[in-house]
>>> print(open('my_file.txt').read())   # compact mmCIF, C-alpha atoms and all ligand atoms
# COMPACT_ATOMS: atom_id res chain seq x y z
CA MET A 1 -33.19 -12.63 30.34
CA THR A 2 -33.92 -9.83 32.82
CA SER A 3 -32.25 -10.56 36.15
CA PRO A 4 -33.07 -8.79 39.38
CA ASP A 5 -29.42 -7.84 39.94
CA LEU A 6 -28.86 -6.40 36.46
CA PRO A 7 -30.01 -2.87 35.71
CA ASN A 8 -33.19 -2.34 33.72
CA ILE A 9 -33.34 0.36 31.07
CA LEU A 10 -34.54 3.05 33.51
CA GLN A 11 -31.48 2.39 35.64
CA LEU A 12 -29.38 3.05 32.54
CA THR A 13 -30.60 6.63 32.22
CA PRO A 14 -29.76 9.76 34.24
CA LEU A 15 -33.23 9.57 35.80
CA ASP A 16 -31.47 7.08 38.10
CA PRO A 17 -29.28 9.02 40.56
CA GLY A 18 -26.61 6.29 40.63
CA TYR A 19 -26.27 6.22 36.84
CA ARG A 20 -26.37 10.01 36.70
CA ALA A 21 -23.48 10.28 39.15
CA ASP A 22 -21.37 7.49 37.65
CA PRO A 23 -22.75 5.80 34.53
CA HIS A 24 -19.56 3.80 34.00
CA ALA A 25 -19.76 1.91 37.28
CA VAL A 26 -23.07 0.51 36.03
CA LEU A 27 -22.02 0.05 32.40
CA ASP A 28 -18.66 -1.58 33.19
CA ASP A 29 -20.40 -4.10 35.40
CA LEU A 30 -23.04 -4.83 32.77
CA ARG A 31 -20.41 -5.18 30.00
CA ALA A 32 -18.34 -7.55 32.13
CA ARG A 33 -21.26 -9.72 33.22
CA ARG A 34 -23.78 -9.62 30.35
CA PRO A 35 -22.47 -7.77 27.26
CA VAL A 36 -25.55 -8.84 25.27
CA HIS A 37 -28.36 -8.30 27.74
CA ARG A 38 -32.06 -8.76 26.96
CA ASP A 39 -34.03 -6.19 28.98
CA GLU A 40 -37.76 -6.89 29.07
CA THR A 41 -38.66 -3.39 30.29
CA ALA A 42 -37.22 -1.93 27.09
CA GLY A 43 -38.01 -4.99 25.00
CA SER A 44 -34.51 -4.69 23.62
CA PHE A 45 -31.07 -6.29 23.58
CA ILE A 46 -28.71 -3.91 25.35
CA LEU A 47 -25.18 -4.02 23.94
CA THR A 48 -22.17 -2.57 25.68
CA ARG A 49 -19.08 -4.14 24.05
CA TYR A 50 -17.22 -2.00 21.49
CA ASP A 51 -16.84 -4.74 18.86
CA ASP A 52 -20.55 -5.69 18.98
CA VAL A 53 -21.73 -2.07 18.95
CA ARG A 54 -19.43 -1.02 16.14
CA ALA A 55 -20.28 -4.02 13.97
CA LEU A 56 -24.04 -3.69 14.39
CA VAL A 57 -24.33 0.10 14.28
CA SER A 58 -22.46 -0.02 10.95
CA ASP A 59 -24.60 -2.87 9.56
CA ARG A 60 -26.67 -1.34 6.77
CA THR A 61 -28.93 -4.38 6.55
CA LEU A 62 -30.48 -3.70 9.97
CA TRP A 63 -33.61 -1.56 10.27
CA ARG A 64 -34.28 1.66 12.10
CA ASP A 65 -37.96 2.33 11.49
CA PRO A 66 -39.90 1.35 14.66
CA ILE A 67 -42.71 -0.04 12.51
CA ASN A 68 -40.42 -2.99 11.78
CA ALA A 69 -39.95 -3.82 15.46
CA GLU A 70 -41.95 -6.46 17.33
CA PRO A 71 -44.68 -5.05 19.63
CA ALA A 72 -42.60 -6.04 22.69
CA ALA A 73 -39.87 -3.56 21.61
CA ARG A 74 -41.34 -0.83 23.80
CA LEU A 75 -38.32 1.49 23.80
CA SER A 76 -37.84 1.39 20.03
CA ARG A 77 -41.55 1.81 19.40
CA SER A 78 -42.06 4.65 21.88
CA GLY A 79 -41.93 7.29 19.13
CA ASP A 80 -44.11 5.28 16.78
CA ASP A 81 -47.32 7.29 16.91
CA ILE A 82 -47.63 7.91 13.18
CA PRO A 83 -51.26 8.00 12.02
CA GLU A 84 -52.28 5.31 9.56
CA GLY A 85 -52.35 6.32 5.91
CA VAL A 86 -49.59 8.95 6.25
CA PRO A 87 -46.40 7.97 4.38
CA ARG A 88 -43.58 7.27 6.84
CA SER A 89 -41.38 9.83 5.11
CA GLU A 90 -43.98 12.55 5.74
CA ALA A 91 -44.21 11.78 9.41
CA ALA A 92 -40.65 10.96 10.53
CA SER A 93 -37.17 12.32 9.82
CA ILE A 94 -34.27 10.32 8.38
CA LEU A 95 -33.39 9.38 11.97
CA THR A 96 -36.06 6.65 11.94
CA LEU A 97 -36.59 5.93 8.22
CA ASP A 98 -35.34 2.90 6.34
CA ASP A 99 -34.34 2.65 2.69
CA PRO A 100 -35.39 3.50 0.08
CA ASP A 101 -36.85 6.64 1.75
CA HIS A 102 -33.82 7.11 4.00
CA ALA A 103 -31.31 7.18 1.14
CA ARG A 104 -33.60 9.25 -1.12
CA ILE A 105 -33.89 12.03 1.47
CA ARG A 106 -30.50 11.83 3.16
CA GLN A 107 -28.53 12.01 -0.12
CA PRO A 108 -29.58 15.53 -1.29
CA LEU A 109 -29.64 16.83 2.27
CA THR A 110 -26.06 15.66 2.81
CA GLN A 111 -24.95 17.12 -0.50
CA ALA A 112 -26.28 20.60 0.32
CA PHE A 113 -25.44 20.54 4.04
CA TYR A 114 -21.82 19.37 3.63
CA ALA A 115 -21.12 21.93 0.90
CA ARG A 116 -22.19 24.65 3.33
CA ILE A 117 -20.30 23.25 6.32
CA ALA A 118 -17.11 23.05 4.24
CA ARG A 119 -17.05 26.85 4.02
CA PHE A 120 -18.68 27.61 7.34
CA ARG A 121 -15.67 27.82 9.70
CA PRO A 122 -15.28 31.64 9.40
CA GLU A 123 -18.93 32.05 10.31
CA VAL A 124 -18.48 29.78 13.35
CA GLU A 125 -15.47 31.88 14.33
CA ARG A 126 -17.59 35.04 14.11
CA ILE A 127 -20.45 33.50 16.13
CA VAL A 128 -18.08 32.22 18.85
CA ALA A 129 -16.21 35.55 19.06
CA GLU A 130 -19.44 37.52 19.35
CA THR A 131 -20.80 35.17 22.01
CA LEU A 132 -17.56 35.58 23.99
CA ASP A 133 -17.82 39.38 23.64
CA ARG A 134 -21.23 39.25 25.33
CA LEU A 135 -20.03 37.21 28.35
CA ASP A 136 -20.15 39.04 31.64
CA THR A 137 -17.22 37.63 33.58
CA THR A 138 -17.14 40.16 36.41
CA ALA A 139 -18.72 37.51 38.66
CA PRO A 140 -19.02 33.70 38.47
CA PHE A 141 -21.06 32.84 35.36
CA ASP A 142 -22.86 29.82 33.96
CA LEU A 143 -21.05 28.84 30.75
CA MET A 144 -23.92 26.59 29.61
CA ALA A 145 -26.52 29.36 29.41
CA SER A 146 -24.17 32.08 28.21
CA PHE A 147 -22.00 30.17 25.70
CA CYS A 148 -22.64 26.44 25.14
CA VAL A 149 -26.37 26.88 24.45
CA PRO A 150 -26.31 29.91 22.12
CA VAL A 151 -23.31 28.95 19.92
CA PRO A 152 -24.86 25.84 18.28
CA ILE A 153 -28.25 27.50 17.95
CA ASP A 154 -26.77 30.55 16.25
CA ALA A 155 -24.69 28.29 14.01
CA ILE A 156 -27.50 26.02 12.81
CA ALA A 157 -29.77 29.04 12.50
CA ALA A 158 -27.19 30.74 10.25
CA ILE A 159 -26.95 27.63 8.06
CA LEU A 160 -30.72 27.43 7.80
CA GLY A 161 -31.04 31.19 7.20
CA VAL A 162 -33.11 31.87 10.31
CA ASP A 163 -33.59 35.57 10.98
CA HIS A 164 -31.74 36.77 14.09
CA ALA A 165 -34.90 38.35 15.47
CA ARG A 166 -36.42 34.88 15.84
CA LEU A 167 -33.51 33.17 17.62
CA ALA A 168 -35.13 33.27 21.06
CA GLU A 169 -38.23 31.54 19.71
CA PHE A 170 -36.01 28.99 17.98
CA ARG A 171 -34.29 28.19 21.24
CA ASP A 172 -37.58 27.56 22.96
CA TRP A 173 -38.86 25.42 20.08
CA SER A 174 -35.75 23.28 19.95
CA GLU A 175 -35.91 22.70 23.72
CA GLY A 176 -39.52 21.63 23.32
CA LEU A 177 -38.80 19.38 20.38
CA ILE A 178 -35.92 17.58 22.04
CA GLN A 179 -38.57 16.00 24.25
CA SER A 180 -39.55 13.92 21.25
CA LEU A 181 -36.41 11.94 22.10
CA ASN A 182 -37.49 11.46 25.71
CA PRO A 183 -39.53 8.27 26.04
CA PHE A 184 -40.34 9.10 29.66
CA ARG A 185 -41.58 12.69 29.13
CA THR A 186 -44.16 14.23 31.47
CA PRO A 187 -47.50 15.68 30.23
CA ASP A 188 -46.03 19.20 30.55
CA GLN A 189 -43.02 18.23 28.45
CA THR A 190 -45.34 16.67 25.87
CA ALA A 191 -47.35 19.91 25.71
CA HIS A 192 -44.16 21.93 25.19
CA MET A 193 -43.09 19.51 22.46
CA GLU A 194 -46.43 19.81 20.66
CA ARG A 195 -46.42 23.65 20.83
CA ALA A 196 -42.86 23.73 19.49
CA SER A 197 -43.62 21.27 16.73
CA ALA A 198 -46.63 23.29 15.52
CA ALA A 199 -44.64 26.54 15.56
CA LEU A 200 -41.78 25.00 13.59
CA THR A 201 -44.12 23.44 11.05
CA ASP A 202 -45.56 26.87 10.40
CA TYR A 203 -42.14 28.55 10.33
CA PHE A 204 -40.52 26.12 7.86
CA THR A 205 -43.59 25.85 5.62
CA ARG A 206 -43.46 29.61 5.11
CA ALA A 207 -39.67 29.72 4.78
CA ILE A 208 -39.61 27.02 2.06
CA ALA A 209 -42.22 28.89 -0.01
CA GLU A 210 -40.39 32.20 0.48
CA ARG A 211 -36.99 30.81 -0.54
CA ARG A 212 -38.43 29.07 -3.57
CA ALA A 213 -39.83 32.43 -4.72
CA GLU A 214 -36.75 34.40 -3.69
CA PRO A 215 -33.62 32.32 -2.97
CA ARG A 216 -31.08 33.52 -0.41
CA ASP A 217 -27.64 32.22 0.56
CA ASP A 218 -28.84 29.47 2.91
CA LEU A 219 -29.56 25.75 3.15
CA ILE A 220 -33.30 26.11 2.59
CA SER A 221 -32.62 27.84 -0.74
CA ASP A 222 -30.05 25.13 -1.65
CA MET A 223 -32.69 22.49 -1.05
CA THR A 224 -35.42 24.21 -3.06
CA ARG A 225 -32.88 24.51 -5.89
CA LEU A 226 -32.17 20.74 -5.71
CA GLN A 227 -35.92 20.07 -5.77
CA ALA A 228 -36.21 22.21 -8.91
CA GLN A 229 -33.41 20.16 -10.46
CA GLY A 230 -35.47 17.00 -9.92
CA GLU A 231 -34.38 15.64 -6.52
CA PRO A 232 -37.38 13.58 -5.37
CA ILE A 233 -37.95 15.17 -1.96
CA ASN A 234 -41.22 16.96 -1.29
CA ASP A 235 -41.87 20.01 0.89
CA ILE A 236 -43.23 18.04 3.84
CA GLU A 237 -40.17 15.78 3.85
CA LEU A 238 -37.92 18.81 3.56
CA ARG A 239 -39.60 20.57 6.46
CA ILE A 240 -39.40 17.50 8.70
CA ASN A 241 -35.70 17.04 7.99
CA LEU A 242 -34.83 20.72 8.40
CA THR A 243 -36.48 20.45 11.79
CA ALA A 244 -34.37 17.37 12.53
CA LEU A 245 -31.20 19.35 11.78
CA LEU A 246 -32.31 22.07 14.13
CA VAL A 247 -33.12 19.67 16.93
CA GLY A 248 -30.13 17.40 16.38
CA GLY A 249 -27.77 20.34 16.08
CA ASN A 250 -28.53 22.07 19.33
CA LEU A 251 -28.53 20.10 22.55
CA THR A 252 -25.90 17.62 21.43
CA THR A 253 -23.31 20.19 20.43
CA THR A 254 -24.11 22.28 23.51
CA ASP A 255 -23.30 19.22 25.61
CA LEU A 256 -20.14 18.42 23.68
CA ILE A 257 -18.75 21.91 24.36
CA GLY A 258 -19.87 21.91 28.00
CA ASN A 259 -18.50 18.42 28.66
CA ALA A 260 -15.19 19.35 27.00
CA VAL A 261 -14.70 22.55 28.99
CA ARG A 262 -15.43 20.73 32.26
CA LEU A 263 -13.00 17.92 31.38
CA PHE A 264 -10.18 20.32 30.52
CA LEU A 265 -10.68 22.29 33.73
CA LEU A 266 -10.60 19.05 35.73
CA ASN A 267 -7.50 17.88 33.85
CA PRO A 268 -5.07 20.81 33.81
CA GLY A 269 -2.33 18.60 32.35
CA GLU A 270 -4.44 17.98 29.25
CA LEU A 271 -5.29 21.68 28.99
CA ALA A 272 -1.59 22.49 29.20
CA LYS A 273 -0.90 20.08 26.33
CA LEU A 274 -3.58 21.78 24.24
CA ARG A 275 -2.36 25.29 25.05
CA ALA A 276 1.19 24.28 24.16
CA ASN A 277 0.08 22.71 20.89
CA PRO A 278 -3.24 24.02 19.50
CA ASP A 279 -2.91 21.53 16.61
CA LEU A 280 -4.12 18.98 19.16
CA ILE A 281 -7.61 20.52 19.02
CA GLY A 282 -8.95 17.85 16.64
CA ALA A 283 -7.71 15.07 18.93
CA ALA A 284 -9.04 16.98 21.97
CA VAL A 285 -12.56 17.02 20.57
CA GLU A 286 -12.38 13.34 19.55
CA GLU A 287 -11.19 12.34 23.02
CA THR A 288 -14.08 14.30 24.57
CA LEU A 289 -16.48 12.49 22.23
CA ARG A 290 -15.01 9.17 23.33
CA TYR A 291 -14.77 9.91 27.02
CA GLU A 292 -17.95 11.92 27.63
CA PRO A 293 -20.23 11.46 24.61
CA PRO A 294 -23.36 13.67 24.58
CA VAL A 295 -25.56 10.81 23.28
CA ASP A 296 -25.50 7.62 25.34
CA ALA A 297 -27.33 5.26 23.04
CA THR A 298 -28.85 4.57 19.65
CA GLY A 299 -30.72 1.61 18.22
CA ARG A 300 -31.49 -0.71 15.34
CA ILE A 301 -33.90 -3.55 14.64
CA ALA A 302 -32.88 -7.04 13.52
CA SER A 303 -33.93 -7.57 9.91
CA ARG A 304 -33.28 -11.31 10.10
CA ASP A 305 -32.65 -14.04 12.65
CA MET A 306 -29.04 -13.69 13.77
CA GLN A 307 -26.49 -14.49 16.50
CA VAL A 308 -24.91 -11.70 18.52
CA GLY A 309 -22.18 -12.55 21.00
CA GLY A 310 -23.52 -16.11 21.14
CA CYS A 311 -27.13 -14.97 21.77
CA PRO A 312 -29.88 -15.83 19.29
CA VAL A 313 -31.76 -12.74 18.09
CA LYS A 314 -34.94 -12.98 16.02
CA ALA A 315 -36.01 -10.72 13.16
CA ALA A 316 -37.95 -7.68 14.48
CA GLN A 317 -36.23 -7.78 17.89
CA ALA A 318 -34.65 -4.48 18.87
CA PHE A 319 -31.10 -3.49 19.83
CA THR A 320 -30.06 -0.62 22.06
CA PHE A 321 -26.37 0.19 21.62
CA PHE A 322 -24.69 1.92 24.55
CA LEU A 323 -22.22 4.08 22.63
CA ARG A 324 -20.95 5.42 25.95
CA ALA A 325 -20.11 1.92 27.17
CA ALA A 326 -18.47 0.95 23.86
CA ASN A 327 -16.28 4.05 24.04
CA ARG A 328 -14.86 2.93 27.40
CA ASP A 329 -14.44 -0.76 26.58
CA PRO A 330 -11.09 -1.88 28.06
CA GLU A 331 -10.80 -4.48 25.28
CA ARG A 332 -10.50 -1.61 22.80
CA PHE A 333 -9.08 1.38 24.72
CA ASP A 334 -6.09 1.23 27.07
CA ASP A 335 -6.94 2.67 30.46
CA PRO A 336 -10.36 3.70 29.14
CA HIS A 337 -11.33 5.89 32.10
CA ARG A 338 -8.35 8.21 31.59
CA PHE A 339 -9.02 11.42 29.64
CA ASP A 340 -5.96 11.68 27.41
CA ILE A 341 -5.94 13.82 24.28
CA THR A 342 -2.71 12.23 23.03
CA ARG A 343 -3.84 8.62 23.40
CA ALA A 344 -3.37 6.28 20.43
CA ARG A 345 -6.24 7.00 18.09
CA HIS A 346 -8.97 4.43 17.77
CA PRO A 347 -12.34 5.46 16.36
CA HIS A 348 -15.04 6.14 18.95
CA VAL A 349 -18.72 5.52 18.20
CA ALA A 350 -20.16 8.75 19.63
CA PHE A 351 -21.76 9.57 16.27
CA GLY A 352 -23.13 6.06 15.67
CA GLY A 353 -22.32 4.51 12.29
CA GLY A 354 -23.41 3.05 8.99
CA ALA A 355 -26.33 4.51 7.05
CA HIS A 356 -27.53 6.59 10.02
CA ILE A 357 -24.19 7.97 11.17
CA CYS A 358 -24.74 11.48 12.52
CA ILE A 359 -25.19 13.82 9.58
CA GLY A 360 -24.15 16.76 11.78
CA ALA A 361 -20.79 15.33 12.88
CA PRO A 362 -18.63 17.67 10.72
CA LEU A 363 -20.55 20.69 11.99
CA ALA A 364 -20.38 19.60 15.63
CA ARG A 365 -16.62 19.08 15.26
CA VAL A 366 -16.00 22.54 13.79
CA GLU A 367 -18.14 24.23 16.41
CA ALA A 368 -16.48 22.44 19.31
CA GLN A 369 -12.97 23.02 17.96
CA VAL A 370 -13.51 26.75 17.43
CA ALA A 371 -15.39 27.17 20.71
CA LEU A 372 -12.66 25.52 22.81
CA ILE A 373 -9.73 27.25 21.13
CA LYS A 374 -11.30 30.70 21.40
CA LEU A 375 -12.64 30.24 24.92
CA PHE A 376 -9.31 29.08 26.39
CA ASP A 377 -7.46 31.80 24.44
CA ARG A 378 -9.73 34.53 25.67
CA PHE A 379 -9.64 33.40 29.33
CA PRO A 380 -6.21 32.07 30.34
CA ASN A 381 -7.32 31.78 34.01
CA LEU A 382 -10.65 30.07 33.44
CA ARG A 383 -11.56 27.74 36.31
CA LEU A 384 -14.49 26.02 38.01
CA ALA A 385 -16.29 28.39 40.41
CA ASP A 386 -16.42 25.64 43.05
CA PRO A 387 -14.11 22.73 42.24
CA ASP A 388 -15.62 20.67 45.08
CA ALA A 389 -19.23 21.03 43.93
CA PRO A 390 -20.58 17.90 42.23
CA PRO A 391 -21.53 18.43 38.58
CA VAL A 392 -25.22 19.06 37.89
CA TRP A 393 -26.16 16.68 35.08
CA ARG A 394 -29.43 16.98 33.17
CA THR A 395 -31.88 14.09 33.53
CA LEU A 396 -32.91 13.63 29.87
CA PRO A 397 -32.63 9.90 29.16
CA PHE A 398 -29.86 8.85 26.76
CA PHE A 399 -28.19 12.28 26.79
CA ARG A 400 -25.30 13.42 28.96
CA GLY A 401 -24.94 17.11 29.47
CA LEU A 402 -24.61 19.66 32.23
CA GLU A 403 -27.50 21.68 33.59
CA ARG A 404 -25.02 24.41 34.62
CA LEU A 405 -21.28 24.96 34.47
CA ASP A 406 -20.36 27.76 36.85
CA LEU A 407 -16.97 29.28 36.08
CA VAL A 408 -14.69 32.11 37.10
CA ALA A 409 -12.55 33.85 34.47
C1 LIG B 1 -21.64 16.27 19.38
C2 LIG B 1 -22.72 16.45 18.73
C3 LIG B 1 -23.56 15.32 18.21
C4 LIG B 1 -23.65 14.01 18.62
C5 LIG B 1 -22.88 13.33 19.75
C6 LIG B 1 -24.62 13.37 17.77
C7 LIG B 1 -24.95 12.03 17.85
C8 LIG B 1 -25.77 11.37 16.96
C9 LIG B 1 -26.06 9.96 16.99
C10 LIG B 1 -25.51 8.97 18.01
C11 LIG B 1 -26.90 9.68 15.97
C12 LIG B 1 -27.49 8.30 15.61
C13 LIG B 1 -26.49 7.59 14.71
C14 LIG B 1 -26.81 6.13 14.51
O1 LIG B 1 -27.86 5.64 14.92
O2 LIG B 1 -25.94 5.45 13.92
C15 LIG B 1 -27.14 10.93 15.27
C16 LIG B 1 -27.95 11.05 14.17
C17 LIG B 1 -28.31 12.27 13.64
N1 LIG B 1 -27.80 13.51 13.99
FE1 LIG B 1 -26.39 13.88 15.35
N2 LIG B 1 -25.10 14.28 16.88
C18 LIG B 1 -24.47 15.48 17.10
C19 LIG B 1 -24.64 16.64 16.39
C20 LIG B 1 -25.53 16.81 15.37
C21 LIG B 1 -25.69 18.01 14.60
C22 LIG B 1 -24.83 19.25 14.75
C23 LIG B 1 -26.74 17.79 13.74
C24 LIG B 1 -27.35 18.69 12.70
C25 LIG B 1 -27.02 19.90 12.45
C26 LIG B 1 -27.20 16.43 13.94
C27 LIG B 1 -28.23 15.82 13.27
C28 LIG B 1 -28.46 14.46 13.24
C29 LIG B 1 -29.42 13.81 12.37
C30 LIG B 1 -30.36 14.50 11.37
C31 LIG B 1 -29.31 12.44 12.60
C32 LIG B 1 -30.08 11.30 11.90
C33 LIG B 1 -29.22 10.77 10.76
C34 LIG B 1 -29.79 9.53 10.09
O3 LIG B 1 -30.49 8.75 10.77
O4 LIG B 1 -29.54 9.32 8.90
N3 LIG B 1 -26.43 15.87 14.94
N4 LIG B 1 -26.45 11.94 15.90
>>> encode(input="my_file.txt", output="structure tokens")
Amino acid sequence: MTSPDLPNILQLTPLDPGYRADPHAVLDDLRARRPVHRDETAGSFILTRYDDVRALVSDRTLWRDPINAEPAARLSRSGDDIPEGVPRSEAASILTLDDPDHARIRQPLTQAFYARIARFRPEVERIVAETLDRLDTTAPFDLMASFCVPVPIDAIAAILGVDHARLAEFRDWSEGLIQSLNPFRTPDQTAHMERASAALTDYFTRAIAERRAEPRDDLISDMTRLQAQGEPINDIELRINLTALLVGGNLTTTDLIGNAVRLFLLNPGELAKLRANPDLIGAAVEETLRYEPPVDATGRIASRDMQVGGCPVKAAQAFTFFLRAANRDPERFDDPHRFDITRARHPHVAFGGGAHICIGAPLARVEAQVALIKLFDRFPNLRLADPDAPPVWRTLPFFRGLERLDLVA
């Protein structure tokens, strides 16, 4: 049960200055003392051990839809404001749907999306090269704003077939929409989220109708073609899930690239290994995902009474899995707080697992690999503008990314 000396859920987010500065001091202590910890503020069991997290995040019998959670599961239910009478699948994306809706929608989306990603690397190379061409490196520059933010937005926009002229609007909308993931958002952030959501609804509704009438070479056209072939996904469901790709594809990949660049600049030995052997790029991205994952946590809901790590859990009680803590579990990773791109491979859980495993993982990997290789190639002397300045982390709960990353080339 909640103990005064154990952190509550707010103290496990970057809103807490201690957690923001050093999340692992808090998470290591929690994992060591109470690896299955019931937090009454969240109304959730907080899990930090790799074996527990990996087993439960992969368990396809657990639920995700907040409607299945007990009323006390405040954190899991915080996004559950769906009006009565609206089908769940027309109000929420696959992120929070359960089967059969989840499988019905995710299957065709995955089919079309993965076929595109498989041939998308040259386009990512073009986007990264063009973004690098635009960098002004005559003075110290912020890599987040000038590189890490635009690359994923341009990439997902290209997949979706978004016109270039509307990219700036898209950026603003995706920033607004990401607040839907912030259970502690302010009224201003809520207003931004609602404006962005309305604009995107309008944008995608038009785009789906236009592509159906006149297909182009993009994911929206692929999906309207699958609908015509009988895939049971309607236009509202399609729009909601295209929006989810846009939202999910931006901030997370931005943070992966930013976190990776910072780590390599802080660890010149690892950067030297990568420069000497560019084939290590896959391992370099995986080690970044393990060591500094962009998403701290995900969740599930118990679909039956069960035992976890010796603790009884009742059906409808919620779990919050700290992916970040699992990725640094000393039981699973030798010397877990060492960033080492040649460490013995063991799968991290940065993308979650099971039925809900991140659908964008292959895209995020390609983007990060191309971005890092090209950035370090282009700027052999890249370094932190002020190596002694503490990093400026964003405060969005359950995400870990830099507000700015000031560099000198
Ligand atoms: C480094 C980048 C990324 C990270 C760390 C990340 C992380 C995650 C995590 C932890 C989940 C929840 C998985 C679970 O509960 O088991 C998830 C789900 C999801 N992600 Fe990502 N993601 C990234 C990039 C992307 C990209 C590029 C896209 C889309 C273009 C995307 C779209 C989604 C969607 C739609 C879901 C919901 C899938 C489902 O519930 O079936 N993500 N992601």
>>> residues_around(input="my_file.txt", residues="Thr320 in chain A", least_positions_apart="5", cutoff="6 Å", atoms="all atoms listed in the file", output="PyMOL selection string")
chain A and resi 45-46+298-299
>>> write_last_selection(input="my_file.txt", atoms="C-alpha atoms", output="PDB file, in the coordinates of the input")
ATOM      1  CA  PHE A  45     -31.070  -6.290  23.580  1.00  0.00           C
ATOM      2  CA  ILE A  46     -28.710  -3.910  25.350  1.00  0.00           C
ATOM      3  CA  THR A 298     -28.850   4.570  19.650  1.00  0.00           C
ATOM      4  CA  GLY A 299     -30.720   1.610  18.220  1.00  0.00           C
TER       5      GLY A 299
END
>>> residues_around(input="my_file.txt", residues="Leu97 in chain A", least_positions_apart="5", cutoff="9 Å", atoms="only C-alpha atoms", output="MDAnalysis selection string")
chainID A and resid 63:66 88:89 92 102:103
>>> closest_residue(input="my_file.txt", among="A:Leu167, A:Val285, A:Leu396, A:Leu402", to="Phe264 in chain A", atoms="all atoms listed in the file")
A:Val285
>>> residues_around(input="my_file.txt", residues="range 116-128 of chain A", least_positions_apart="5", cutoff="9 Å", atoms="all atoms listed in the file", output="PyMOL selection string")
chain A and resi 111+133+147+151-152+154-155+158-159+218-219+362-363+366-367+370-371+374-375
>>> write_last_selection(input="my_file.txt", atoms="C-alpha atoms", output="mmCIF file, keeping the file's coordinate frame")
data_model
loop_
_atom_site.group_PDB
_atom_site.id
_atom_site.type_symbol
_atom_site.label_atom_id
_atom_site.label_comp_id
_atom_site.auth_asym_id
_atom_site.auth_seq_id
_atom_site.Cartn_x
_atom_site.Cartn_y
_atom_site.Cartn_z
ATOM 1 C CA GLN A 111 -24.950 17.120 -0.500
ATOM 2 C CA ASP A 133 -17.820 39.380 23.640
ATOM 3 C CA PHE A 147 -22.000 30.170 25.700
ATOM 4 C CA VAL A 151 -23.310 28.950 19.920
ATOM 5 C CA PRO A 152 -24.860 25.840 18.280
ATOM 6 C CA ASP A 154 -26.770 30.550 16.250
ATOM 7 C CA ALA A 155 -24.690 28.290 14.010
ATOM 8 C CA ALA A 158 -27.190 30.740 10.250
ATOM 9 C CA ILE A 159 -26.950 27.630 8.060
ATOM 10 C CA ASP A 218 -28.840 29.470 2.910
ATOM 11 C CA LEU A 219 -29.560 25.750 3.150
ATOM 12 C CA PRO A 362 -18.630 17.670 10.720
ATOM 13 C CA LEU A 363 -20.550 20.690 11.990
ATOM 14 C CA VAL A 366 -16.000 22.540 13.790
ATOM 15 C CA GLU A 367 -18.140 24.230 16.410
ATOM 16 C CA VAL A 370 -13.510 26.750 17.430
ATOM 17 C CA ALA A 371 -15.390 27.170 20.710
ATOM 18 C CA LYS A 374 -11.300 30.700 21.400
ATOM 19 C CA LEU A 375 -12.640 30.240 24.920
#
>>> closest_residue(input="my_file.txt", among="A:Ala284, A:Leu407, A:Leu160, A:Ala316", to="ligand LIG 1 (chain B)", atoms="all atoms listed in the file")
A:Leu160
>>> atom_distance(input="my_file.txt", atom1="CA of Met306 in chain A", atom2="CA of Gly354 in chain A")
18.3 Å
>>> closest_atom_pairs(input="my_file.txt", of="chain A", to="ligand LIG 1 (chain B)", cutoff="6 Å", atoms="all atoms listed in the file", output="CSV")
residue,atom,partner,partner_atom,distance
A:Val57,CA,B:LIG1,O2,5.6
A:Ile94,CA,B:LIG1,O3,4.7
A:Leu95,CA,B:LIG1,O3,3.2
A:Ala244,CA,B:LIG1,C30,5.1
A:Leu245,CA,B:LIG1,C24,4.0
A:Leu246,CA,B:LIG1,C25,6.0
A:Gly248,CA,B:LIG1,C26,3.9
A:Gly249,CA,B:LIG1,C22,3.4
A:Thr252,CA,B:LIG1,C2,4.3
A:Thr253,CA,B:LIG1,C2,4.2
A:Leu256,CA,B:LIG1,C1,5.0
A:Pro293,CA,B:LIG1,C5,5.8
A:Pro294,CA,B:LIG1,C5,4.9
A:Val295,CA,B:LIG1,C5,5.1
A:Thr298,CA,B:LIG1,O1,4.9
A:Gly299,CA,B:LIG1,O1,5.9
A:Ala350,CA,B:LIG1,C5,5.3
A:Phe351,CA,B:LIG1,C10,4.2
A:Gly352,CA,B:LIG1,O2,3.4
A:Gly353,CA,B:LIG1,O2,4.1
A:His356,CA,B:LIG1,O4,3.6
A:Ile357,CA,B:LIG1,O2,4.1
A:Cys358,CA,B:LIG1,C16,3.6
A:Ile359,CA,B:LIG1,C28,4.9
A:Gly360,CA,B:LIG1,C23,3.4
A:Ala361,CA,B:LIG1,C19,5.4
A:Leu363,CA,B:LIG1,C22,5.3
A:Ala364,CA,B:LIG1,C22,4.5
>>> residues_around(input="my_file.txt", residues="Arg166 in chain A", least_positions_apart="4", cutoff="12 Å", atoms="all atoms listed in the file", output="PDB file with C-alpha atoms, keeping the file's coordinate frame")
ATOM      1  CA  ILE A 153     -28.250  27.500  17.950  1.00  0.00           C
ATOM      2  CA  ASP A 154     -26.770  30.550  16.250  1.00  0.00           C
ATOM      3  CA  ALA A 157     -29.770  29.040  12.500  1.00  0.00           C
ATOM      4  CA  ALA A 158     -27.190  30.740  10.250  1.00  0.00           C
ATOM      5  CA  GLY A 161     -31.040  31.190   7.200  1.00  0.00           C
ATOM      6  CA  VAL A 162     -33.110  31.870  10.310  1.00  0.00           C
ATOM      7  CA  PHE A 170     -36.010  28.990  17.980  1.00  0.00           C
ATOM      8  CA  ARG A 171     -34.290  28.190  21.240  1.00  0.00           C
ATOM      9  CA  ASP A 172     -37.580  27.560  22.960  1.00  0.00           C
ATOM     10  CA  TRP A 173     -38.860  25.420  20.080  1.00  0.00           C
ATOM     11  CA  ALA A 199     -44.640  26.540  15.560  1.00  0.00           C
ATOM     12  CA  LEU A 200     -41.780  25.000  13.590  1.00  0.00           C
ATOM     13  CA  TYR A 203     -42.140  28.550  10.330  1.00  0.00           C
TER      14      TYR A 203
END
